[in-house]
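*Asks:* You'll find coords_22.pdb just under this line, and it carries PDB, C-alpha atoms.
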ATOM      1  CA  MET D   4     126.357  90.156  71.412
ATOM      2  CA  ILE D   5     127.749  88.759  74.661
ATOM      3  CA  GLU D   6     125.277  87.069  77.038
ATOM      4  CA  PRO D   7     123.387  89.793  78.952
ATOM      5  CA  ARG D   8     124.319  90.129  82.583
ATOM      6  CA  LEU D   9     122.722  91.354  85.787
ATOM      7  CA  ARG D  10     124.532  93.819  88.007
ATOM      8  CA  PRO D  11     123.712  96.451  90.657
ATOM      9  CA  LEU D  12     122.453  99.751  89.259
ATOM     10  CA  VAL D  13     125.020 102.584  89.352
ATOM     11  CA  ALA D  14     124.610 106.340  88.921
ATOM     12  CA  SER D  15     125.415 106.284  85.192
ATOM     13  CA  ASP D  16     122.438 103.921  84.633
ATOM     14  CA  ARG D  17     119.873 106.423  85.898
ATOM     15  CA  ALA D  18     119.165 107.954  82.486
ATOM     16  CA  ALA D  19     118.646 104.494  80.963
ATOM     17  CA  VAL D  20     116.137 103.627  83.675
ATOM     18  CA  GLU D  21     114.275 106.875  83.070
ATOM     19  CA  ARG D  22     114.208 106.161  79.317
ATOM     20  CA  ILE D  23     112.950 102.592  79.820
ATOM     21  CA  ILE D  24     110.158 103.610  82.195
ATOM     22  CA  ALA D  25     108.995 106.306  79.767
ATOM     23  CA  ALA D  26     109.175 103.863  76.816
ATOM     24  CA  VAL D  27     107.033 101.290  78.628
ATOM     25  CA  ALA D  28     104.313 103.954  78.400
ATOM     26  CA  VAL D  29     101.887 102.631  81.026
ATOM     27  CA  PHE D  30     103.238 104.708  83.911
ATOM     28  CA  SER D  31     101.989 108.135  84.962
ATOM     29  CA  PRO D  32     104.393 111.031  85.596
ATOM     30  CA  GLU D  33     103.763 110.542  89.322
ATOM     31  CA  GLU D  34     104.706 106.860  89.078
ATOM     32  CA  ILE D  35     107.875 107.721  87.149
ATOM     33  CA  ASP D  36     108.843 110.215  89.843
ATOM     34  CA  ILE D  37     108.376 107.563  92.524
ATOM     35  CA  ALA D  38     110.454 105.018  90.592
ATOM     36  CA  LEU D  39     113.304 107.506  90.279
ATOM     37  CA  GLU D  40     113.075 108.402  93.970
ATOM     38  CA  LEU D  41     113.654 104.736  94.844
ATOM     39  CA  VAL D  42     116.587 104.556  92.414
ATOM     40  CA  ASP D  43     118.078 107.695  93.959
ATOM     41  CA  GLU D  44     117.781 106.302  97.491
ATOM     42  CA  TRP D  45     119.519 103.127  96.343
ATOM     43  CA  LEU D  46     122.292 105.189  94.726
ATOM     44  CA  GLU D  47     122.696 107.277  97.855
ATOM     45  CA  ILE D  48     122.770 104.664 100.620
ATOM     46  CA  GLY D  49     122.606 101.239  98.951
ATOM     47  CA  GLU D  50     120.921  98.321 100.729
ATOM     48  CA  GLU D  51     120.146 100.530 103.751
ATOM     49  CA  SER D  52     117.578 102.264 101.536
ATOM     50  CA  GLY D  53     115.488  99.087 101.370
ATOM     51  CA  TYR D  54     115.368  99.455  97.561
ATOM     52  CA  LEU D  55     117.732  96.937  96.008
ATOM     53  CA  THR D  56     118.055  97.850  92.352
ATOM     54  CA  TYR D  57     119.682  95.821  89.585
ATOM     55  CA  VAL D  58     119.898  96.209  85.818
ATOM     56  CA  ILE D  59     120.193  93.761  82.948
ATOM     57  CA  GLU D  60     122.775  94.855  80.409
ATOM     58  CA  GLU D  61     123.586  93.699  76.887
ATOM     59  CA  THR D  62     127.211  94.093  75.883
ATOM     60  CA  ALA D  63     128.252  94.461  72.250
ATOM     61  CA  GLY D  64     131.469  92.855  70.921
ATOM     62  CA  THR D  65     133.050  96.286  71.283
ATOM     63  CA  GLY D  66     132.498  96.104  75.048
ATOM     64  CA  LYS D  67     129.893  98.833  75.030
ATOM     65  CA  GLY D  68     126.928  98.016  77.296
ATOM     66  CA  THR D  69     123.233  98.842  76.891
ATOM     67  CA  VAL D  70     120.906  98.659  79.884
ATOM     68  CA  ARG D  71     117.706  96.875  78.807
ATOM     69  CA  GLY D  72     115.763  96.544  82.027
ATOM     70  CA  PHE D  73     115.806  96.892  85.778
ATOM     71  CA  VAL D  74     114.285  95.460  88.910
ATOM     72  CA  CYS D  75     113.786  97.067  92.332
ATOM     73  CA  PHE D  76     112.768  95.155  95.456
ATOM     74  CA  GLY D  77     113.236  95.299  99.216
ATOM     75  CA  PRO D  78     112.055  94.173 102.640
ATOM     76  CA  THR D  79     108.476  95.084 103.546
ATOM     77  CA  PRO D  80     108.504  97.213 106.729
ATOM     78  CA  LEU D  81     107.114  95.592 109.903
ATOM     79  CA  THR D  82     107.267  92.059 108.462
ATOM     80  CA  GLU D  83     109.539  89.087 109.011
ATOM     81  CA  GLY D  84     110.751  87.690 105.703
ATOM     82  CA  THR D  85     108.304  89.457 103.369
ATOM     83  CA  TYR D  86     109.647  91.485 100.447
ATOM     84  CA  ASP D  87     108.026  93.827  97.945
ATOM     85  CA  LEU D  88     108.852  93.828  94.254
ATOM     86  CA  TYR D  89     108.475  97.544  93.575
ATOM     87  CA  TRP D  90     109.454  97.695  89.916
ATOM     88  CA  VAL D  91     110.392  95.439  87.051
ATOM     89  CA  ALA D  92     110.571  96.935  83.564
ATOM     90  CA  VAL D  93     112.159  95.978  80.254
ATOM     91  CA  ASP D  94     112.875  98.228  77.285
ATOM     92  CA  PRO D  95     110.071  97.563  74.734
ATOM     93  CA  ALA D  96     112.817  97.360  72.055
ATOM     94  CA  ALA D  97     114.271  94.331  73.894
ATOM     95  CA  GLN D  98     111.105  92.488  74.871
ATOM     96  CA  GLY D  99     110.585  88.810  73.979
ATOM     97  CA  ARG D 100     114.122  87.926  75.068
ATOM     98  CA  GLY D 101     113.123  86.665  78.511
ATOM     99  CA  TYR D 102     114.727  89.574  80.345
ATOM    100  CA  GLY D 103     111.676  90.248  82.484
ATOM    101  CA  GLN D 104     111.587  86.658  83.723
ATOM    102  CA  ARG D 105     115.345  86.787  84.351
ATOM    103  CA  LEU D 106     115.028  89.953  86.419
ATOM    104  CA  LEU D 107     112.178  88.426  88.402
ATOM    105  CA  ALA D 108     114.040  85.136  88.997
ATOM    106  CA  PHE D 109     117.087  87.126  90.101
ATOM    107  CA  ALA D 110     115.024  89.110  92.632
ATOM    108  CA  GLU D 111     113.527  85.864  93.996
ATOM    109  CA  SER D 112     116.969  84.333  94.379
ATOM    110  CA  GLU D 113     118.295  87.434  96.157
ATOM    111  CA  VAL D 114     115.311  87.526  98.503
ATOM    112  CA  ARG D 115     115.837  83.851  99.349
ATOM    113  CA  GLY D 116     119.547  84.563  99.972
ATOM    114  CA  LEU D 117     118.601  87.383 102.355
ATOM    115  CA  GLY D 118     116.414  85.007 104.370
ATOM    116  CA  GLY D 119     113.158  86.141 102.808
ATOM    117  CA  ARG D 120     110.215  83.806 102.283
ATOM    118  CA  LEU D 121     107.466  85.755 100.525
ATOM    119  CA  LEU D 122     107.694  88.115  97.550
ATOM    120  CA  LEU D 123     104.723  90.395  96.828
ATOM    121  CA  ILE D 124     103.903  92.399  93.727
ATOM    122  CA  GLU D 125     101.129  94.981  93.527
ATOM    123  CA  THR D 126      99.496  96.006  90.286
ATOM    124  CA  ALA D 127      96.281  97.489  88.944
ATOM    125  CA  SER D 128      93.344  95.624  87.433
ATOM    126  CA  HIS D 129      93.165  98.205  84.619
ATOM    127  CA  GLU D 130      93.417  96.563  81.178
ATOM    128  CA  ALA D 131      96.695  98.391  80.467
ATOM    129  CA  TYR D 132      98.233  95.949  82.950
ATOM    130  CA  ALA D 133      96.695  92.754  81.519
ATOM    131  CA  ALA D 134      99.996  91.661  79.952
ATOM    132  CA  THR D 135     101.783  92.421  83.232
ATOM    133  CA  VAL D 136      99.361  90.196  85.116
ATOM    134  CA  ARG D 137      99.966  87.306  82.665
ATOM    135  CA  PHE D 138     103.717  87.864  83.065
ATOM    136  CA  TYR D 139     103.465  87.434  86.857
ATOM    137  CA  GLU D 140     101.213  84.392  86.537
ATOM    138  CA  ARG D 141     103.668  82.706  84.137
ATOM    139  CA  ALA D 142     106.388  83.332  86.716
ATOM    140  CA  GLY D 143     104.394  81.413  89.333
ATOM    141  CA  TYR D 144     102.801  84.293  91.210
ATOM    142  CA  GLU D 145      99.352  83.807  92.676
ATOM    143  CA  LEU D 146      96.685  86.487  93.078
ATOM    144  CA  VAL D 147      96.166  86.730  96.850
ATOM    145  CA  SER D 148      94.265  89.998  97.220
ATOM    146  CA  ARG D 149      92.038  92.353  95.293
ATOM    147  CA  ILE D 150      90.982  95.685  96.814
ATOM    148  CA  PRO D 151      88.036  96.998  94.797
ATOM    149  CA  ASN D 152      88.178 100.595  93.483
ATOM    150  CA  PHE D 153      91.580 101.208  95.083
ATOM    151  CA  TYR D 154      93.226 103.325  92.371
ATOM    152  CA  ARG D 155      89.949 104.830  91.195
ATOM    153  CA  ALA D 156      86.358 103.640  90.717
ATOM    154  CA  GLY D 157      86.604 100.420  88.705
ATOM    155  CA  ASP D 158      90.378 100.066  89.025
ATOM    156  CA  ASP D 159      91.280  97.566  91.733
ATOM    157  CA  LYS D 160      94.605  96.904  93.463
ATOM    158  CA  LEU D 161      95.789  93.344  92.853
ATOM    159  CA  THR D 162      98.481  91.728  94.975
ATOM    160  CA  PHE D 163     100.403  88.737  93.651
ATOM    161  CA  ALA D 164     102.529  86.551  95.927
ATOM    162  CA  LYS D 165     105.131  83.823  95.560
ATOM    163  CA  ASP D 166     106.714  81.649  98.207
ATOM    164  CA  VAL D 167     110.403  81.922  97.301
ATOM    165  CA  THR D 168     111.620  79.299  99.772
ATOM    166  CA  GLY D 169     110.596  76.342  97.564
TER
ATOM    167  CA  MET I   4      84.757 117.657 132.841
ATOM    168  CA  ILE I   5      83.951 119.677 129.739
ATOM    169  CA  GLU I   6      82.917 117.737 126.596
ATOM    170  CA  PRO I   7      86.090 116.329 124.943
ATOM    171  CA  ARG I   8      87.105 118.000 121.717
ATOM    172  CA  LEU I   9      89.032 117.118 118.597
ATOM    173  CA  ARG I  10      91.788 119.400 117.364
ATOM    174  CA  PRO I  11      94.944 119.163 115.216
ATOM    175  CA  LEU I  12      97.959 117.679 116.979
ATOM    176  CA  VAL I  13     100.596 120.262 117.986
ATOM    177  CA  ALA I  14     104.195 119.805 119.115
ATOM    178  CA  SER I  15     103.368 119.829 122.811
ATOM    179  CA  ASP I  16     101.102 116.768 122.283
ATOM    180  CA  ARG I  17     103.953 114.551 121.052
ATOM    181  CA  ALA I  18     104.799 113.158 124.499
ATOM    182  CA  ALA I  19     101.136 112.285 125.132
ATOM    183  CA  VAL I  20     100.974 110.383 121.841
ATOM    184  CA  GLU I  21     104.131 108.478 122.737
ATOM    185  CA  ARG I  22     102.695 107.631 126.153
ATOM    186  CA  ILE I  23      99.364 106.464 124.685
ATOM    187  CA  ILE I  24     100.997 104.233 122.062
ATOM    188  CA  ALA I  25     103.206 102.630 124.706
ATOM    189  CA  ALA I  26     100.232 102.160 127.056
ATOM    190  CA  VAL I  27      98.178 100.412 124.364
ATOM    191  CA  ALA I  28     100.898  97.741 124.581
ATOM    192  CA  VAL I  29     100.266  95.895 121.311
ATOM    193  CA  PHE I  30     102.790  97.851 119.233
ATOM    194  CA  SER I  31     106.424  96.874 118.698
ATOM    195  CA  PRO I  32     109.255  99.411 119.186
ATOM    196  CA  GLU I  33     109.562  99.564 115.371
ATOM    197  CA  GLU I  34     105.854 100.383 115.025
ATOM    198  CA  ILE I  35     106.132 103.085 117.701
ATOM    199  CA  ASP I  36     109.065 104.636 115.828
ATOM    200  CA  ILE I  37     107.040 104.704 112.620
ATOM    201  CA  ALA I  38     104.038 106.291 114.359
ATOM    202  CA  LEU I  39     106.249 109.053 115.760
ATOM    203  CA  GLU I  40     107.881 109.607 112.359
ATOM    204  CA  LEU I  41     104.439 110.312 110.883
ATOM    205  CA  VAL I  42     103.617 112.663 113.757
ATOM    206  CA  ASP I  43     106.915 114.488 113.234
ATOM    207  CA  GLU I  44     106.275 114.924 109.513
ATOM    208  CA  TRP I  45     102.846 116.347 110.302
ATOM    209  CA  LEU I  46     104.371 118.741 112.847
ATOM    210  CA  GLU I  47     107.022 119.819 110.369
ATOM    211  CA  ILE I  48     105.023 120.431 107.182
ATOM    212  CA  GLY I  49     101.356 119.897 108.037
ATOM    213  CA  GLU I  50      98.954 118.581 105.380
ATOM    214  CA  GLU I  51     101.750 118.461 102.796
ATOM    215  CA  SER I  52     103.152 115.507 104.757
ATOM    216  CA  GLY I  53     100.136 113.393 103.848
ATOM    217  CA  TYR I  54      99.734 112.479 107.537
ATOM    218  CA  LEU I  55      96.841 114.443 108.989
ATOM    219  CA  THR I  56      96.982 114.007 112.740
ATOM    220  CA  TYR I  57      94.339 115.004 115.302
ATOM    221  CA  VAL I  58      93.955 114.426 119.010
ATOM    222  CA  ILE I  59      90.966 114.096 121.323
ATOM    223  CA  GLU I  60      91.369 116.106 124.499
ATOM    224  CA  GLU I  61      89.485 116.154 127.781
ATOM    225  CA  THR I  62      89.459 119.473 129.554
ATOM    226  CA  ALA I  63      88.998 119.783 133.309
ATOM    227  CA  GLY I  64      86.991 122.607 134.863
ATOM    228  CA  THR I  65      90.325 124.288 135.567
ATOM    229  CA  GLY I  66      90.978 124.532 131.819
ATOM    230  CA  LYS I  67      93.793 121.989 131.894
ATOM    231  CA  GLY I  68      93.589 119.545 128.979
ATOM    232  CA  THR I  69      94.527 115.858 128.783
ATOM    233  CA  VAL I  70      95.091 114.194 125.412
ATOM    234  CA  ARG I  71      93.312 110.817 125.430
ATOM    235  CA  GLY I  72      93.748 109.584 121.891
ATOM    236  CA  PHE I  73      94.832 110.421 118.367
ATOM    237  CA  VAL I  74      94.147 109.561 114.764
ATOM    238  CA  CYS I  75      96.442 109.825 111.736
ATOM    239  CA  PHE I  76      95.260 109.464 108.130
ATOM    240  CA  GLY I  77      96.114 110.699 104.657
ATOM    241  CA  PRO I  78      95.786 110.248 100.914
ATOM    242  CA  THR I  79      97.051 106.937  99.509
ATOM    243  CA  PRO I  80      99.772 107.657  96.925
ATOM    244  CA  LEU I  81      98.908 106.938  93.269
ATOM    245  CA  THR I  82      95.169 106.770  93.945
ATOM    246  CA  GLU I  83      92.232 109.067  93.245
ATOM    247  CA  GLY I  84      90.149 109.536  96.378
ATOM    248  CA  THR I  85      91.529 106.674  98.475
ATOM    249  CA  TYR I  86      92.852 107.409 101.969
ATOM    250  CA  ASP I  87      94.726 105.321 104.514
ATOM    251  CA  LEU I  88      93.925 105.374 108.211
ATOM    252  CA  TYR I  89      97.447 104.904 109.573
ATOM    253  CA  TRP I  90      96.798 105.095 113.300
ATOM    254  CA  VAL I  91      93.992 105.378 115.764
ATOM    255  CA  ALA I  92      94.741 104.847 119.441
ATOM    256  CA  VAL I  93      93.054 105.696 122.735
ATOM    257  CA  ASP I  94      94.598 105.795 126.186
ATOM    258  CA  PRO I  95      93.594 102.528 127.933
ATOM    259  CA  ALA I  96      92.714 104.646 130.984
ATOM    260  CA  ALA I  97      90.041 106.414 128.894
ATOM    261  CA  GLN I  98      88.592 103.507 126.948
ATOM    262  CA  GLY I  99      84.849 102.758 126.948
ATOM    263  CA  ARG I 100      84.017 106.440 126.429
ATOM    264  CA  GLY I 101      83.517 106.153 122.666
ATOM    265  CA  TYR I 102      86.665 108.159 121.839
ATOM    266  CA  GLY I 103      87.917 105.603 119.296
ATOM    267  CA  GLN I 104      84.659 105.748 117.357
ATOM    268  CA  ARG I 105      84.693 109.550 117.553
ATOM    269  CA  LEU I 106      88.235 109.719 116.170
ATOM    270  CA  LEU I 107      87.296 107.317 113.369
ATOM    271  CA  ALA I 108      84.098 109.219 112.487
ATOM    272  CA  PHE I 109      86.095 112.456 112.455
ATOM    273  CA  ALA I 110      88.658 110.987 110.031
ATOM    274  CA  GLU I 111      85.833 109.784 107.747
ATOM    275  CA  SER I 112      84.233 113.204 107.763
ATOM    276  CA  GLU I 113      87.559 114.922 106.972
ATOM    277  CA  VAL I 114      88.276 112.483 104.137
ATOM    278  CA  ARG I 115      84.827 113.143 102.683
ATOM    279  CA  GLY I 116      85.444 116.888 102.977
ATOM    280  CA  LEU I 117      88.728 116.510 101.105
ATOM    281  CA  GLY I 118      86.936 114.760  98.229
ATOM    282  CA  GLY I 119      87.916 111.244  99.282
ATOM    283  CA  ARG I 120      85.665 108.261  98.722
ATOM    284  CA  LEU I 121      87.369 105.214 100.255
ATOM    285  CA  LEU I 122      89.080 104.842 103.638
ATOM    286  CA  LEU I 123      91.319 101.815 104.199
ATOM    287  CA  ILE I 124      92.701 100.395 107.433
ATOM    288  CA  GLU I 125      95.333  97.670 107.597
ATOM    289  CA  THR I 126      95.784  95.408 110.589
ATOM    290  CA  ALA I 127      97.134  91.995 111.527
ATOM    291  CA  SER I 128      95.156  88.796 111.990
ATOM    292  CA  HIS I 129      97.107  88.061 115.207
ATOM    293  CA  GLU I 130      94.801  87.556 118.187
ATOM    294  CA  ALA I 131      96.275  90.638 119.901
ATOM    295  CA  TYR I 132      94.302  92.633 117.331
ATOM    296  CA  ALA I 133      90.985  90.799 117.717
ATOM    297  CA  ALA I 134      89.417  93.687 119.665
ATOM    298  CA  THR I 135      90.720  96.121 117.042
ATOM    299  CA  VAL I 136      89.054  94.129 114.285
ATOM    300  CA  ARG I 137      85.733  94.173 116.148
ATOM    301  CA  PHE I 138      86.141  97.931 116.639
ATOM    302  CA  TYR I 139      86.490  98.462 112.862
ATOM    303  CA  GLU I 140      83.565  96.169 112.099
ATOM    304  CA  ARG I 141      81.320  98.035 114.542
ATOM    305  CA  ALA I 142      82.303 101.239 112.740
ATOM    306  CA  GLY I 143      81.038  99.833 109.428
ATOM    307  CA  TYR I 144      84.330  98.694 107.915
ATOM    308  CA  GLU I 145      84.340  95.611 105.705
ATOM    309  CA  LEU I 146      87.181  93.126 105.364
ATOM    310  CA  VAL I 147      88.213  93.404 101.699
ATOM    311  CA  SER I 148      91.591  91.655 101.642
ATOM    312  CA  ARG I 149      93.627  89.098 103.539
ATOM    313  CA  ILE I 150      97.242  88.432 102.547
ATOM    314  CA  PRO I 151      98.285  85.147 104.171
ATOM    315  CA  ASN I 152     101.524  85.064 106.206
ATOM    316  CA  PHE I 153     102.256  88.714 105.497
ATOM    317  CA  TYR I 154     103.690  89.803 108.850
ATOM    318  CA  ARG I 155     105.107  86.350 109.643
ATOM    319  CA  ALA I 156     104.059  82.752 109.119
ATOM    320  CA  GLY I 157     100.481  82.501 110.422
ATOM    321  CA  ASP I 158      99.989  86.268 110.798
ATOM    322  CA  ASP I 159      98.039  87.694 107.864
ATOM    323  CA  LYS I 160      97.550  91.279 106.745
ATOM    324  CA  LEU I 161      93.893  92.289 106.825
ATOM    325  CA  THR I 162      92.590  95.347 105.004
ATOM    326  CA  PHE I 163      89.290  96.914 106.030
ATOM    327  CA  ALA I 164      87.499  99.434 103.827
ATOM    328  CA  LYS I 165      84.623 101.866 104.140
ATOM    329  CA  ASP I 166      82.932 103.946 101.478
ATOM    330  CA  VAL I 167      82.812 107.372 103.148
ATOM    331  CA  THR I 168      80.660 109.052 100.482
ATOM    332  CA  GLY I 169      77.366 107.564 101.756
TER
END
Let me see whether you can do it: turn the structure in this file into structure tokens.
*Replies:*
Amino acid sequence: MIEPRLRPLVASDRAAVERIIAAVAVFSPEEIDIALELVDEWLEIGEESGYLTYVIEETAGTGKGTVRGFVCFGPTPLTEGTYDLYWVAVDPAAQGRGYGQRLLAFAESEVRGLGGRLLLIETASHEAYAATVRFYERAGYELVSRIPNFYRAGDDKLTFAKDVTG
Amino acid sequence: MIEPRLRPLVASDRAAVERIIAAVAVFSPEEIDIALELVDEWLEIGEESGYLTYVIEETAGTGKGTVRGFVCFGPTPLTEGTYDLYWVAVDPAAQGRGYGQRLLAFAESEVRGLGGRLLLIETASHEAYAATVRFYERAGYELVSRIPNFYRAGDDKLTFAKDVTG
């Protein structure tokens, strides 16, 4: 296997993204729909959409590529230099290879290159997301906000932040 | 003057809303554009837009009405029973008459009627919004989150919340 590479998502990757999101198995049908809407806006109008979307792809010796994860991020409306990380997901069959951290580091580097300073990630306090929370903490994100009972009674909205200028 | 009344915003109110937002003078051109986009979605598809928009109107003895303020709120995507208060604004020429509190109380009552439980309001920590913050606190909203440097360095995002089921 050739070293996996990151590249912008193209239309032929859409099915892979849909498959990965479904395989991750923590997202609701409504969340999957929203993820695909962002992907479609990116495919339609690119950076103007505000949803910059990249994939990580493994390439076999034959040259055939397999998309193993994706990341989607973009400028937060009404802010100067703040960005949201909307999605990062890795195929469960390819986890443990550091792809999630690579996708995250790539997004941070892009945000910095675009003049951004702060990258935010929202997630739920529900235990299904406990591994996700540890993943963000390992990547240097800090919990900056908790809104109690946001998603439903007992399920809070957590916001993690990282200063990407350092 | 007949007692002011609350009613759904209709197309002929759009200019009044634009005038009020401009008169309030704390909003940027980008924020004004976003407010009018929400109004336009409400005018186009109503409740399906997710932006329920109502005005408060004074009526003279002659029957002629003057829109003095508006409120826009709707269900927060991916949540069960959480609503966002997107906008509430009152014509500076009609402030001190309790219209802001009436618009807010109306939104809370509507949210409760729609089965909602939590109403959230986001604002900035910038001193231009100090009176706004006091307005929310007087109405029983509690500061539940502060994201440092969200809008720009030194300007935080504040989120206020109220349980509307009580």
*Asks:* Report as a tab-separated table: every residue of chain I with an atom at most 8 Å from chain D, its closest pair of atoms, and their distance in Å to one decimal, counting all atoms listed in the file, with rows sorted by chain and ascending residue number.
*Replies:*
residue	atom	partner	partner_atom	distance
I:Glu33	CA	D:Leu81	CA	7.2
I:Glu34	CA	D:Leu81	CA	7.1
I:Leu81	CA	D:Tyr154	CA	6.8
I:Thr82	CA	D:Tyr154	CA	4.3
I:Glu83	CA	D:Arg155	CA	5.2
I:Gly84	CA	D:Arg155	CA	7.0
I:Thr85	CA	D:Phe153	CA	6.4
I:Leu121	CA	D:Phe153	CA	7.8
I:Val147	CA	D:Ile150	CA	6.1
I:Ser148	CA	D:Ser148	CA	5.4
I:Arg149	CA	D:Ser148	CA	6.4
I:Ile150	CA	D:Val147	CA	6.0
I:Pro151	CA	D:Val147	CA	7.8
I:Phe153	CA	D:Thr85	CA	6.5
I:Tyr154	CA	D:Thr82	CA	4.2
I:Arg155	CA	D:Glu83	CA	5.2
*Asks:* Set the distance at 9 Å and use all atoms listed in the file: which residues neighbour range 21-29 of chain I once local chain neighbours fewer than 3 positions away are removed? I'd like the list as a list in words.
*Replies:*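 Those residues are Asp16, Arg17, Ala18, Pro32, Ile35, Ala38, Leu39, Val70, Arg71, Gly72, Phe73, Ala92, Val93, Asp94, Pro95, Ala96, Ala131 and Tyr132 of chain I.
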*Asks:* Centre and edge lengths, as JSON, for the axis-aligned box enclosing every listed atom of range 149-153 of chain I with 3 Å of padding on each of the six sides, in Å to one decimal?
*Replies:*
{"center_x": 97.9, "center_y": 87.1, "center_z": 104.4, "size_x": 14.6, "size_y": 10.0, "size_z": 9.7}
*Asks:* I would like the residues chosen by the PyMOL selection byres ((chain I and resi 135) around 12) on the shown file; could you give them as a list in words?
*Replies:*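 For this structure, the PyMOL selection byres ((chain I and resi 135) around 12) resolves to Val27, Val29, Trp90, Val91, Ala92, Val93, Gly103, Gln104, Ile124, Glu125, Thr126, Ala127, Ser128, His129, Glu130, Ala131, Tyr132, Ala133, Ala134, Val136, Arg137, Phe138, Tyr139, Glu140, Arg141, Ala142, Tyr144, Leu161 and Phe163 of chain I.
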*Asks:* Hey, what comes out of the PyMOL selection byres ((chain D and resi 114) around 10) on this file? Could you write it as a VMD selection string?
*Replies:* chain D and resid 76 to 78 84 to 88 108 to 113 115 to 122 167 to 168
*Asks:* Figure out the distance between CA of Tyr54 in chain I and CA of Val42 in chain I, please, to one decimal in Å.
*Replies:*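 If I compute the distance from CA of Val42 in chain I to CA of Tyr54 in chain I, I get 7.3 Å.
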*Asks:* Would you fill the gaps in range 104-122 of chain I so it has N, CA and C atoms, then print it as a PDB file, in the coordinates of the input?
*Replies:*
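Now in selection-v3.pdb:
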ATOM      1  N   GLN I 104      85.669 105.567 118.409  1.00  0.00           N
ATOM      2  CA  GLN I 104      84.659 105.748 117.357  1.00  0.00           C
ATOM      3  C   GLN I 104      84.569 107.219 116.949  1.00  0.00           C
ATOM      4  N   ARG I 105      84.738 108.116 117.906  1.00  0.00           N
ATOM      5  CA  ARG I 105      84.693 109.550 117.553  1.00  0.00           C
ATOM      6  C   ARG I 105      85.866 109.941 116.661  1.00  0.00           C
ATOM      7  N   LEU I 106      87.052 109.423 116.985  1.00  0.00           N
ATOM      8  CA  LEU I 106      88.235 109.719 116.170  1.00  0.00           C
ATOM      9  C   LEU I 106      88.064 109.169 114.750  1.00  0.00           C
ATOM     10  N   LEU I 107      87.500 107.952 114.667  1.00  0.00           N
ATOM     11  CA  LEU I 107      87.296 107.317 113.369  1.00  0.00           C
ATOM     12  C   LEU I 107      86.265 108.105 112.554  1.00  0.00           C
ATOM     13  N   ALA I 108      85.157 108.468 113.189  1.00  0.00           N
ATOM     14  CA  ALA I 108      84.098 109.219 112.487  1.00  0.00           C
ATOM     15  C   ALA I 108      84.635 110.572 112.023  1.00  0.00           C
ATOM     16  N   PHE I 109      85.495 111.177 112.839  1.00  0.00           N
ATOM     17  CA  PHE I 109      86.095 112.456 112.455  1.00  0.00           C
ATOM     18  C   PHE I 109      86.952 112.281 111.203  1.00  0.00           C
ATOM     19  N   ALA I 110      87.792 111.238 111.192  1.00  0.00           N
ATOM     20  CA  ALA I 110      88.658 110.987 110.031  1.00  0.00           C
ATOM     21  C   ALA I 110      87.806 110.791 108.777  1.00  0.00           C
ATOM     22  N   GLU I 111      86.710 110.033 108.902  1.00  0.00           N
ATOM     23  CA  GLU I 111      85.833 109.784 107.747  1.00  0.00           C
ATOM     24  C   GLU I 111      85.242 111.093 107.226  1.00  0.00           C
ATOM     25  N   SER I 112      84.836 111.932 108.147  1.00  0.00           N
ATOM     26  CA  SER I 112      84.233 113.204 107.763  1.00  0.00           C
ATOM     27  C   SER I 112      85.264 114.106 107.068  1.00  0.00           C
ATOM     28  N   GLU I 113      86.497 114.133 107.590  1.00  0.00           N
ATOM     29  CA  GLU I 113      87.559 114.922 106.972  1.00  0.00           C
ATOM     30  C   GLU I 113      87.868 114.405 105.571  1.00  0.00           C
ATOM     31  N   VAL I 114      87.961 113.084 105.439  1.00  0.00           N
ATOM     32  CA  VAL I 114      88.276 112.483 104.137  1.00  0.00           C
ATOM     33  C   VAL I 114      87.199 112.866 103.120  1.00  0.00           C
ATOM     34  N   ARG I 115      85.939 112.769 103.555  1.00  0.00           N
ATOM     35  CA  ARG I 115      84.827 113.143 102.683  1.00  0.00           C
ATOM     36  C   ARG I 115      84.952 114.612 102.286  1.00  0.00           C
ATOM     37  N   GLY I 116      85.287 115.458 103.242  1.00  0.00           N
ATOM     38  CA  GLY I 116      85.444 116.888 102.977  1.00  0.00           C
ATOM     39  C   GLY I 116      86.586 117.195 102.018  1.00  0.00           C
ATOM     40  N   LEU I 117      87.577 116.319 101.994  1.00  0.00           N
ATOM     41  CA  LEU I 117      88.728 116.510 101.105  1.00  0.00           C
ATOM     42  C   LEU I 117      88.476 115.879  99.729  1.00  0.00           C
ATOM     43  N   GLY I 118      87.258 115.361  99.527  1.00  0.00           N
ATOM     44  CA  GLY I 118      86.936 114.760  98.229  1.00  0.00           C
ATOM     45  C   GLY I 118      87.269 113.280  98.147  1.00  0.00           C
ATOM     46  N   GLY I 119      87.605 112.681  99.288  1.00  0.00           N
ATOM     47  CA  GLY I 119      87.916 111.244  99.282  1.00  0.00           C
ATOM     48  C   GLY I 119      86.661 110.406  99.217  1.00  0.00           C
ATOM     49  N   ARG I 120      86.827 109.155  98.826  1.00  0.00           N
ATOM     50  CA  ARG I 120      85.665 108.261  98.722  1.00  0.00           C
ATOM     51  C   ARG I 120      85.855 106.980  99.520  1.00  0.00           C
ATOM     52  N   LEU I 121      87.116 106.518  99.663  1.00  0.00           N
ATOM     53  CA  LEU I 121      87.369 105.214 100.255  1.00  0.00           C
ATOM     54  C   LEU I 121      88.409 105.370 101.368  1.00  0.00           C
ATOM     55  N   LEU I 122      88.106 104.810 102.549  1.00  0.00           N
ATOM     56  CA  LEU I 122      89.080 104.842 103.638  1.00  0.00           C
ATOM     57  C   LEU I 122      89.471 103.403 103.958  1.00  0.00           C
TER      58      LEU I 122
END
